[in-house]
>>> print(open('protein_14.tsv').read())   # TSV, C-alpha atoms
chain	number	residue	atom	x	y	z
A	8	GLY	CA	-26.56	12.50	-0.30
A	9	GLU	CA	-22.88	11.72	-0.45
A	10	ASN	CA	-21.55	9.13	-2.90
A	11	VAL	CA	-18.04	7.72	-2.61
A	12	GLU	CA	-16.39	5.72	-5.38
A	13	GLN	CA	-13.27	3.66	-4.72
A	14	HIS	CA	-10.78	2.06	-7.11
A	15	PRO	CA	-9.43	-0.49	-7.63
A	16	SER	CA	-11.62	-3.18	-6.10
A	17	THR	CA	-8.66	-5.55	-5.85
A	18	LEU	CA	-4.95	-4.85	-5.80
A	19	SER	CA	-2.09	-7.32	-5.70
A	20	VAL	CA	1.47	-6.12	-5.11
A	21	GLN	CA	4.81	-7.68	-4.29
A	22	GLU	CA	6.19	-7.21	-0.81
A	23	GLY	CA	8.18	-3.99	-0.68
A	24	ASP	CA	6.25	-2.35	-3.51
A	25	SER	CA	3.91	0.61	-3.08
A	26	ALA	CA	0.13	0.47	-3.21
A	27	VAL	CA	-2.21	3.30	-4.15
A	28	ILE	CA	-5.96	3.36	-3.65
A	29	LYS	CA	-8.09	6.21	-4.99
A	30	CYS	CA	-11.48	7.59	-4.00
A	31	THR	CA	-13.75	10.30	-5.28
A	32	TYR	CA	-16.64	11.92	-3.45
A	33	SER	CA	-19.62	13.89	-4.65
A	34	ASP	CA	-20.65	16.24	-1.83
A	35	SER	CA	-18.45	19.32	-1.72
A	36	ALA	CA	-19.61	19.89	1.88
A	37	SER	CA	-17.73	16.79	3.08
A	38	ASN	CA	-14.75	17.83	5.15
A	39	TYR	CA	-13.46	14.65	6.75
A	40	PHE	CA	-11.88	11.70	4.95
A	41	PRO	CA	-10.76	8.68	6.97
A	42	TRP	CA	-9.29	5.41	5.76
A	43	TYR	CA	-10.06	2.13	7.46
A	44	LYS	CA	-8.39	-1.27	7.30
A	45	GLN	CA	-10.63	-4.28	7.84
A	46	GLU	CA	-9.40	-7.79	8.42
A	47	LEU	CA	-11.69	-10.77	8.04
A	48	GLY	CA	-14.36	-10.91	10.74
A	49	LYS	CA	-13.13	-7.75	12.44
A	50	GLY	CA	-14.31	-4.19	12.71
A	51	PRO	CA	-12.89	-1.41	10.52
A	52	GLN	CA	-9.72	-0.02	12.06
A	53	LEU	CA	-8.87	3.61	11.46
A	54	ILE	CA	-5.41	3.90	9.93
A	55	ILE	CA	-5.26	7.55	8.89
A	56	ASP	CA	-7.59	10.47	8.30
A	57	ILE	CA	-7.43	13.89	6.73
A	58	ARG	CA	-9.54	17.02	7.00
A	59	SER	CA	-10.37	19.37	4.17
A	60	ASN	CA	-8.04	22.10	5.41
A	61	VAL	CA	-5.04	19.82	4.84
A	62	GLY	CA	-3.71	18.58	1.49
A	63	GLU	CA	-1.49	15.75	2.66
A	64	LYS	CA	-0.83	13.75	5.79
A	65	LYS	CA	1.75	11.08	6.47
A	66	ASP	CA	2.18	8.49	9.19
A	67	GLN	CA	5.21	6.25	8.74
A	68	ARG	CA	4.53	4.07	5.66
A	69	ILE	CA	1.04	5.47	5.11
A	70	ALA	CA	0.12	8.76	3.48
A	71	VAL	CA	-3.12	10.31	2.31
A	72	THR	CA	-3.54	13.14	-0.19
A	73	LEU	CA	-6.63	15.26	-0.75
A	74	ASN	CA	-7.59	17.35	-3.78
A	75	LYS	CA	-10.65	19.34	-2.76
A	76	THR	CA	-11.09	20.93	-6.17
A	77	ALA	CA	-11.24	17.59	-7.93
A	78	LYS	CA	-13.01	15.95	-4.97
A	79	HIS	CA	-10.67	13.01	-4.77
A	80	PHE	CA	-8.35	11.58	-2.18
A	81	SER	CA	-5.84	8.76	-2.21
A	82	LEU	CA	-4.13	6.34	0.16
A	83	HIS	CA	-0.50	5.51	-0.41
A	84	ILE	CA	1.20	2.60	1.34
A	85	THR	CA	4.94	2.28	0.83
A	86	GLU	CA	7.20	-0.71	1.50
A	87	THR	CA	4.20	-3.02	1.72
A	88	GLN	CA	4.35	-6.03	4.01
A	89	PRO	CA	2.25	-9.22	4.04
A	90	GLU	CA	0.46	-7.97	7.15
A	91	ASP	CA	-0.86	-5.05	5.12
A	92	SER	CA	-3.11	-7.55	3.32
A	93	ALA	CA	-6.71	-6.63	4.15
A	94	VAL	CA	-9.71	-4.75	2.78
A	95	TYR	CA	-9.28	-0.98	2.81
A	96	PHE	CA	-12.21	1.41	2.86
A	97	CYS	CA	-12.19	5.12	2.23
A	98	ALA	CA	-14.97	7.24	3.65
A	99	ALA	CA	-16.25	10.79	3.53
A	100	GLY	CA	-18.18	12.70	6.12
A	101	PHE	CA	-19.10	16.09	7.47
A	102	MET	CA	-17.71	16.58	10.92
A	103	ASP	CA	-19.39	19.55	12.47
A	104	THR	CA	-22.22	20.09	14.88
A	105	GLY	CA	-24.42	17.87	12.73
A	106	ARG	CA	-22.32	14.78	13.39
A	107	ARG	CA	-23.22	13.39	9.99
A	108	ALA	CA	-22.34	9.74	9.51
A	109	LEU	CA	-19.62	8.51	7.20
A	110	THR	CA	-20.31	7.27	3.68
A	111	PHE	CA	-17.98	4.47	2.68
A	112	GLY	CA	-16.43	3.49	-0.61
A	113	SER	CA	-16.92	-0.06	-1.84
A	114	GLY	CA	-13.54	-1.26	-0.55
A	115	THR	CA	-10.24	-2.44	-2.01
A	116	ARG	CA	-8.92	-5.90	-1.28
A	117	LEU	CA	-5.15	-5.55	-1.03
A	118	GLN	CA	-3.03	-8.66	-1.32
A	119	VAL	CA	0.69	-8.35	-0.61
A	120	GLN	CA	2.62	-11.29	-2.06
A	121	PRO	CA	5.69	-12.35	-0.04
B	12	ALA	CA	-7.11	2.50	25.62
B	13	ALA	CA	-10.78	1.66	25.88
B	14	GLY	CA	-12.49	0.78	22.63
B	15	VAL	CA	-16.06	0.44	21.45
B	16	ILE	CA	-17.55	-2.68	22.99
B	17	GLN	CA	-20.30	-4.64	21.30
B	18	SER	CA	-22.26	-7.59	22.53
B	19	PRO	CA	-22.94	-10.27	21.71
B	20	ARG	CA	-20.19	-11.04	19.19
B	21	HIS	CA	-22.27	-13.71	17.51
B	22	LEU	CA	-26.01	-14.24	17.42
B	23	ILE	CA	-28.14	-16.83	15.70
B	24	LYS	CA	-31.87	-16.20	15.38
B	25	GLU	CA	-34.71	-17.77	13.48
B	26	LYS	CA	-36.86	-15.92	10.98
B	27	ARG	CA	-39.47	-13.67	12.54
B	28	GLU	CA	-37.63	-13.59	15.86
B	29	THR	CA	-36.34	-10.47	17.60
B	30	ALA	CA	-32.74	-9.55	18.31
B	31	THR	CA	-31.16	-6.87	20.48
B	32	LEU	CA	-27.60	-5.73	19.92
B	33	LYS	CA	-25.74	-3.66	22.48
B	34	CYS	CA	-23.01	-1.07	22.12
B	35	TYR	CA	-20.86	0.65	24.71
B	36	PRO	CA	-19.07	3.63	23.16
B	37	ILE	CA	-15.65	4.86	24.11
B	38	PRO	CA	-15.97	6.76	27.42
B	39	ARG	CA	-16.86	10.44	26.94
B	40	HIS	CA	-17.74	9.97	23.27
B	41	ASP	CA	-21.00	11.80	22.60
B	42	THR	CA	-22.06	10.23	19.29
B	43	VAL	CA	-22.94	6.63	18.47
B	44	TYR	CA	-23.47	5.22	15.00
B	45	TRP	CA	-24.85	1.88	13.82
B	46	TYR	CA	-23.77	0.31	10.53
B	47	GLN	CA	-24.75	-2.89	8.73
B	48	GLN	CA	-22.23	-4.74	6.57
B	49	GLY	CA	-23.31	-7.57	4.28
B	50	PRO	CA	-20.83	-10.15	2.94
B	51	GLY	CA	-18.33	-8.46	0.64
B	52	GLN	CA	-20.06	-5.11	1.07
B	53	ASP	CA	-19.08	-1.80	2.55
B	54	PRO	CA	-20.66	-0.68	5.85
B	55	GLN	CA	-24.06	0.92	5.35
B	56	PHE	CA	-25.16	3.58	7.81
B	57	LEU	CA	-28.34	2.80	9.76
B	58	ILE	CA	-28.82	5.40	12.48
B	59	SER	CA	-26.91	7.65	14.86
B	60	PHE	CA	-27.37	9.36	18.21
B	61	TYR	CA	-25.82	12.52	19.56
B	62	GLU	CA	-26.18	13.12	23.28
B	63	LYS	CA	-28.91	10.48	23.46
B	64	MET	CA	-31.02	12.05	20.73
B	65	GLN	CA	-31.35	10.59	17.25
B	66	SER	CA	-29.16	12.74	15.04
B	67	ASP	CA	-29.19	11.09	11.64
B	68	LYS	CA	-31.01	8.27	9.91
B	69	GLY	CA	-29.82	6.13	7.05
B	70	SER	CA	-31.17	2.99	5.46
B	71	ILE	CA	-32.66	1.52	8.62
B	72	PRO	CA	-35.71	-0.71	8.02
B	73	ASP	CA	-38.91	0.13	9.88
B	74	ARG	CA	-38.56	-3.23	11.65
B	75	PHE	CA	-35.45	-1.91	13.37
B	76	SER	CA	-35.27	0.65	16.13
B	77	ALA	CA	-32.50	1.99	18.29
B	78	GLN	CA	-31.98	4.18	21.29
B	79	GLN	CA	-29.22	5.59	23.43
B	80	PHE	CA	-29.50	5.44	27.17
B	81	SER	CA	-28.49	7.81	29.96
B	82	ASP	CA	-25.17	5.99	30.37
B	83	TYR	CA	-24.55	6.50	26.62
B	84	HIS	CA	-24.75	2.84	25.71
B	85	SER	CA	-26.95	2.10	22.73
B	86	GLU	CA	-29.14	-0.79	21.68
B	87	LEU	CA	-30.30	-1.80	18.23
B	88	ASN	CA	-33.57	-3.71	18.30
B	89	MET	CA	-34.44	-5.82	15.29
B	90	SER	CA	-37.85	-7.43	14.96
B	91	SER	CA	-39.48	-9.81	12.47
B	92	LEU	CA	-36.03	-10.91	11.36
B	93	GLU	CA	-35.56	-11.93	7.75
B	94	LEU	CA	-32.85	-14.05	6.14
B	95	GLY	CA	-31.55	-10.89	4.47
B	96	ASP	CA	-30.82	-9.34	7.86
B	97	SER	CA	-27.88	-11.71	8.27
B	98	ALA	CA	-24.86	-9.44	8.37
B	99	LEU	CA	-22.20	-7.88	10.53
B	100	TYR	CA	-23.54	-5.02	12.62
B	101	PHE	CA	-21.05	-2.42	13.74
B	102	CYS	CA	-21.34	0.26	16.31
B	103	ALA	CA	-19.00	3.25	16.16
B	104	SER	CA	-18.48	6.28	18.35
B	105	SER	CA	-16.91	9.70	18.10
B	106	LEU	CA	-16.41	12.77	20.26
B	107	GLY	CA	-17.34	16.12	18.84
B	108	THR	CA	-15.78	16.46	15.43
B	109	GLY	CA	-13.20	13.84	16.19
B	110	THR	CA	-12.44	10.59	14.52
B	111	THR	CA	-14.88	7.69	14.44
B	112	PHE	CA	-13.87	4.39	16.00
B	113	PHE	CA	-15.59	1.10	15.31
B	114	GLY	CA	-16.31	-1.86	17.53
B	115	GLN	CA	-15.56	-5.45	16.56
B	116	GLY	CA	-19.10	-6.04	15.44
B	117	THR	CA	-21.91	-8.50	16.05
B	118	ARG	CA	-22.34	-11.22	13.48
B	119	LEU	CA	-26.06	-11.90	13.15
B	120	THR	CA	-27.15	-15.05	11.38
B	121	VAL	CA	-30.84	-15.52	10.66
B	122	VAL	CA	-31.86	-19.09	9.86
>>> encode(input="protein_14.tsv", output="structure tokens")
Amino acid sequence: GENVEQHPSTLSVQEGDSAVIKCTYSDSASNYFPWYKQELGKGPQLIIDIRSNVGEKKDQRIAVTLNKTAKHFSLHITETQPEDSAVYFCAAGFMDTGRRALTFGSGTRLQVQP
Amino acid sequence: AAGVIQSPRHLIKEKRETATLKCYPIPRHDTVYWYQQGPGQDPQFLISFYEKMQSDKGSIPDRFSAQQFSDYHSELNMSSLELGDSALYFCASSLGTGTTFFGQGTRLTVV
């Protein structure tokens, strides 16, 4: 089955700095890579996703890059704000007729210092 | 916009009791997933349904079962509860090959 590794496990940055979280996946068949933000006691909230036919996607301060050959993808948050503090999960899945479930990374706790 | 609705939000049960968690997916979403998240852990996939049929199975214990009904809502039934079953249980839904949205979860505490 799929295995997703995520680094770092914790990340502390100053407000206004950039944050980068990296993930690798094992199953070359995976074609869908979402990122979720989870605040304490809440459900994971989708913040951005990318499919394997795209190398990069950007949404305001958030961007995701995908390297299919190396099987890794990264989340980039620019101009971080205290409200960005949360746990971030990457995930990999195969979105086709099989509707295979997502496999999550172990999470990164991001702390943005004011 | 409508989101994934889960009930109850909190549940306290004693060991060996039974619990039923409910999930109402986003309208017109055809796939429902159940995940379990322990403290400080990532969500672990339990089971999924596509058009009311079980489509995929993860690390779901034999003591647990789930089904999806004609109105597309889903229920996760958990029997012979153990202390280790205490966790957040999330339901998620998706449409076709679209993105997966999560509910706010049910926090189950087994005492």
>>> residues_around(input="protein_14.tsv", residues="range 93-95 of chain A", least_positions_apart="4", cutoff="6 Å", atoms="only C-alpha atoms", output="list of chain:residue names")
A:Tyr43, A:Lys44, A:Gln45, A:Glu46, A:Gly114, A:Thr115, A:Arg116, A:Leu117
>>> write_last_selection(input="protein_14.tsv", atoms="C-alpha atoms", output="CSV table (one decimal), keeping the file's coordinate frame")
chain,number,residue,atom,x,y,z
A,43,TYR,CA,-10.1,2.1,7.5
A,44,LYS,CA,-8.4,-1.3,7.3
A,45,GLN,CA,-10.6,-4.3,7.8
A,46,GLU,CA,-9.4,-7.8,8.4
A,114,GLY,CA,-13.5,-1.3,-0.6
A,115,THR,CA,-10.2,-2.4,-2.0
A,116,ARG,CA,-8.9,-5.9,-1.3
A,117,LEU,CA,-5.2,-5.6,-1.0
>>> interface_residues(input="protein_14.tsv", of="chain A", to="chain B", cutoff="6 Å", atoms="all atoms listed in the file", output="VMD selection string")
chain A and resid 49 to 50 102 to 103 113
>>> write_last_selection(input="protein_14.tsv", atoms="C-alpha atoms", output="compact mmCIF listing (two decimals), keeping the file's coordinate frame")
# COMPACT_ATOMS: atom_id res chain seq x y z
CA LYS A 49 -13.13 -7.75 12.44
CA GLY A 50 -14.31 -4.19 12.71
CA MET A 102 -17.71 16.58 10.92
CA ASP A 103 -19.39 19.55 12.47
CA SER A 113 -16.92 -0.06 -1.84
>>> closest_residue(input="protein_14.tsv", among="B:Ile23, B:Ile16, B:Ile71, B:Met64", to="Leu87 in chain B", atoms="only C-alpha atoms")
B:Ile71
>>> atom_distance(input="protein_14.tsv", atom1="CA of Thr87 in chain A", atom2="CA of Ser59 in chain A")
26.8 Å
>>> atom_distance(input="protein_14.tsv", atom1="CA of Arg68 in chain A", atom2="CA of Glu90 in chain A")
12.8 Å
>>> atom_distance(input="protein_14.tsv", atom1="CA of Lys65 in chain A", atom2="CA of Glu9 in chain A")
25.6 Å
>>> residues_around(input="protein_14.tsv", residues="Lys29 in chain A", least_positions_apart="4", cutoff="8 Å", atoms="all atoms listed in the file", output="short mmCIF file (atom, residue, chain, number, x, y, z; two decimals) with C-alpha atoms, in the frame of the given file")
data_model
loop_
_atom_site.label_atom_id
_atom_site.label_comp_id
_atom_site.auth_asym_id
_atom_site.auth_seq_id
_atom_site.Cartn_x
_atom_site.Cartn_y
_atom_site.Cartn_z
CA GLN A 13 -13.27 3.66 -4.72
CA HIS A 14 -10.78 2.06 -7.11
CA PRO A 15 -9.43 -0.49 -7.63
CA HIS A 79 -10.67 13.01 -4.77
CA PHE A 80 -8.35 11.58 -2.18
CA SER A 81 -5.84 8.76 -2.21
CA LEU A 82 -4.13 6.34 0.16
#
>>> decode(input="protein_14.tsv", residues="range 80-91 of chain B", atoms="N, CA, C and O atoms", output="PDB file, in the first residue's frame")
ATOM      1  N   PHE B  80     -26.571   4.293   3.801  1.00  0.00           N
ATOM      2  CA  PHE B  80     -27.998   4.103   3.576  1.00  0.00           C
ATOM      3  C   PHE B  80     -28.457   4.735   2.270  1.00  0.00           C
ATOM      4  O   PHE B  80     -27.681   5.407   1.579  1.00  0.00           O
ATOM      5  N   SER B  81     -29.737   4.503   1.950  1.00  0.00           N
ATOM      6  CA  SER B  81     -30.273   4.972   0.671  1.00  0.00           C
ATOM      7  C   SER B  81     -30.209   6.492   0.531  1.00  0.00           C
ATOM      8  O   SER B  81     -30.125   7.013  -0.584  1.00  0.00           O
ATOM      9  N   ASP B  82     -30.233   7.205   1.670  1.00  0.00           N
ATOM     10  CA  ASP B  82     -30.131   8.663   1.587  1.00  0.00           C
ATOM     11  C   ASP B  82     -28.675   9.131   1.638  1.00  0.00           C
ATOM     12  O   ASP B  82     -28.409  10.318   1.781  1.00  0.00           O
ATOM     13  N   TYR B  83     -27.753   8.194   1.531  1.00  0.00           N
ATOM     14  CA  TYR B  83     -26.300   8.422   1.483  1.00  0.00           C
ATOM     15  C   TYR B  83     -25.666   8.728   2.838  1.00  0.00           C
ATOM     16  O   TYR B  83     -24.443   8.827   2.893  1.00  0.00           O
ATOM     17  N   HIS B  84     -26.445   8.826   3.898  1.00  0.00           N
ATOM     18  CA  HIS B  84     -25.795   9.006   5.178  1.00  0.00           C
ATOM     19  C   HIS B  84     -25.156   7.681   5.588  1.00  0.00           C
ATOM     20  O   HIS B  84     -25.544   6.606   5.102  1.00  0.00           O
ATOM     21  N   SER B  85     -24.173   7.752   6.429  1.00  0.00           N
ATOM     22  CA  SER B  85     -23.439   6.556   6.824  1.00  0.00           C
ATOM     23  C   SER B  85     -23.378   6.465   8.338  1.00  0.00           C
ATOM     24  O   SER B  85     -23.433   7.489   9.039  1.00  0.00           O
ATOM     25  N   GLU B  86     -23.292   5.263   8.834  1.00  0.00           N
ATOM     26  CA  GLU B  86     -23.151   5.032  10.267  1.00  0.00           C
ATOM     27  C   GLU B  86     -21.999   4.079  10.523  1.00  0.00           C
ATOM     28  O   GLU B  86     -21.822   3.095   9.784  1.00  0.00           O
ATOM     29  N   LEU B  87     -21.230   4.403  11.547  1.00  0.00           N
ATOM     30  CA  LEU B  87     -20.134   3.553  11.997  1.00  0.00           C
ATOM     31  C   LEU B  87     -20.555   2.958  13.334  1.00  0.00           C
ATOM     32  O   LEU B  87     -20.807   3.699  14.286  1.00  0.00           O
ATOM     33  N   ASN B  88     -20.674   1.649  13.384  1.00  0.00           N
ATOM     34  CA  ASN B  88     -21.076   0.953  14.592  1.00  0.00           C
ATOM     35  C   ASN B  88     -19.860   0.306  15.239  1.00  0.00           C
ATOM     36  O   ASN B  88     -19.109  -0.407  14.586  1.00  0.00           O
ATOM     37  N   MET B  89     -19.713   0.579  16.529  1.00  0.00           N
ATOM     38  CA  MET B  89     -18.534   0.111  17.245  1.00  0.00           C
ATOM     39  C   MET B  89     -19.010  -0.676  18.464  1.00  0.00           C
ATOM     40  O   MET B  89     -19.711  -0.121  19.316  1.00  0.00           O
ATOM     41  N   SER B  90     -18.639  -1.937  18.528  1.00  0.00           N
ATOM     42  CA  SER B  90     -19.092  -2.771  19.638  1.00  0.00           C
ATOM     43  C   SER B  90     -17.915  -3.182  20.513  1.00  0.00           C
ATOM     44  O   SER B  90     -16.752  -3.054  20.119  1.00  0.00           O
ATOM     45  N   SER B  91     -18.254  -3.702  21.693  1.00  0.00           N
ATOM     46  CA  SER B  91     -17.234  -4.164  22.658  1.00  0.00           C
ATOM     47  C   SER B  91     -16.113  -3.143  22.790  1.00  0.00           C
ATOM     48  O   SER B  91     -14.921  -3.453  22.637  1.00  0.00           O
TER      49      SER B  91
END
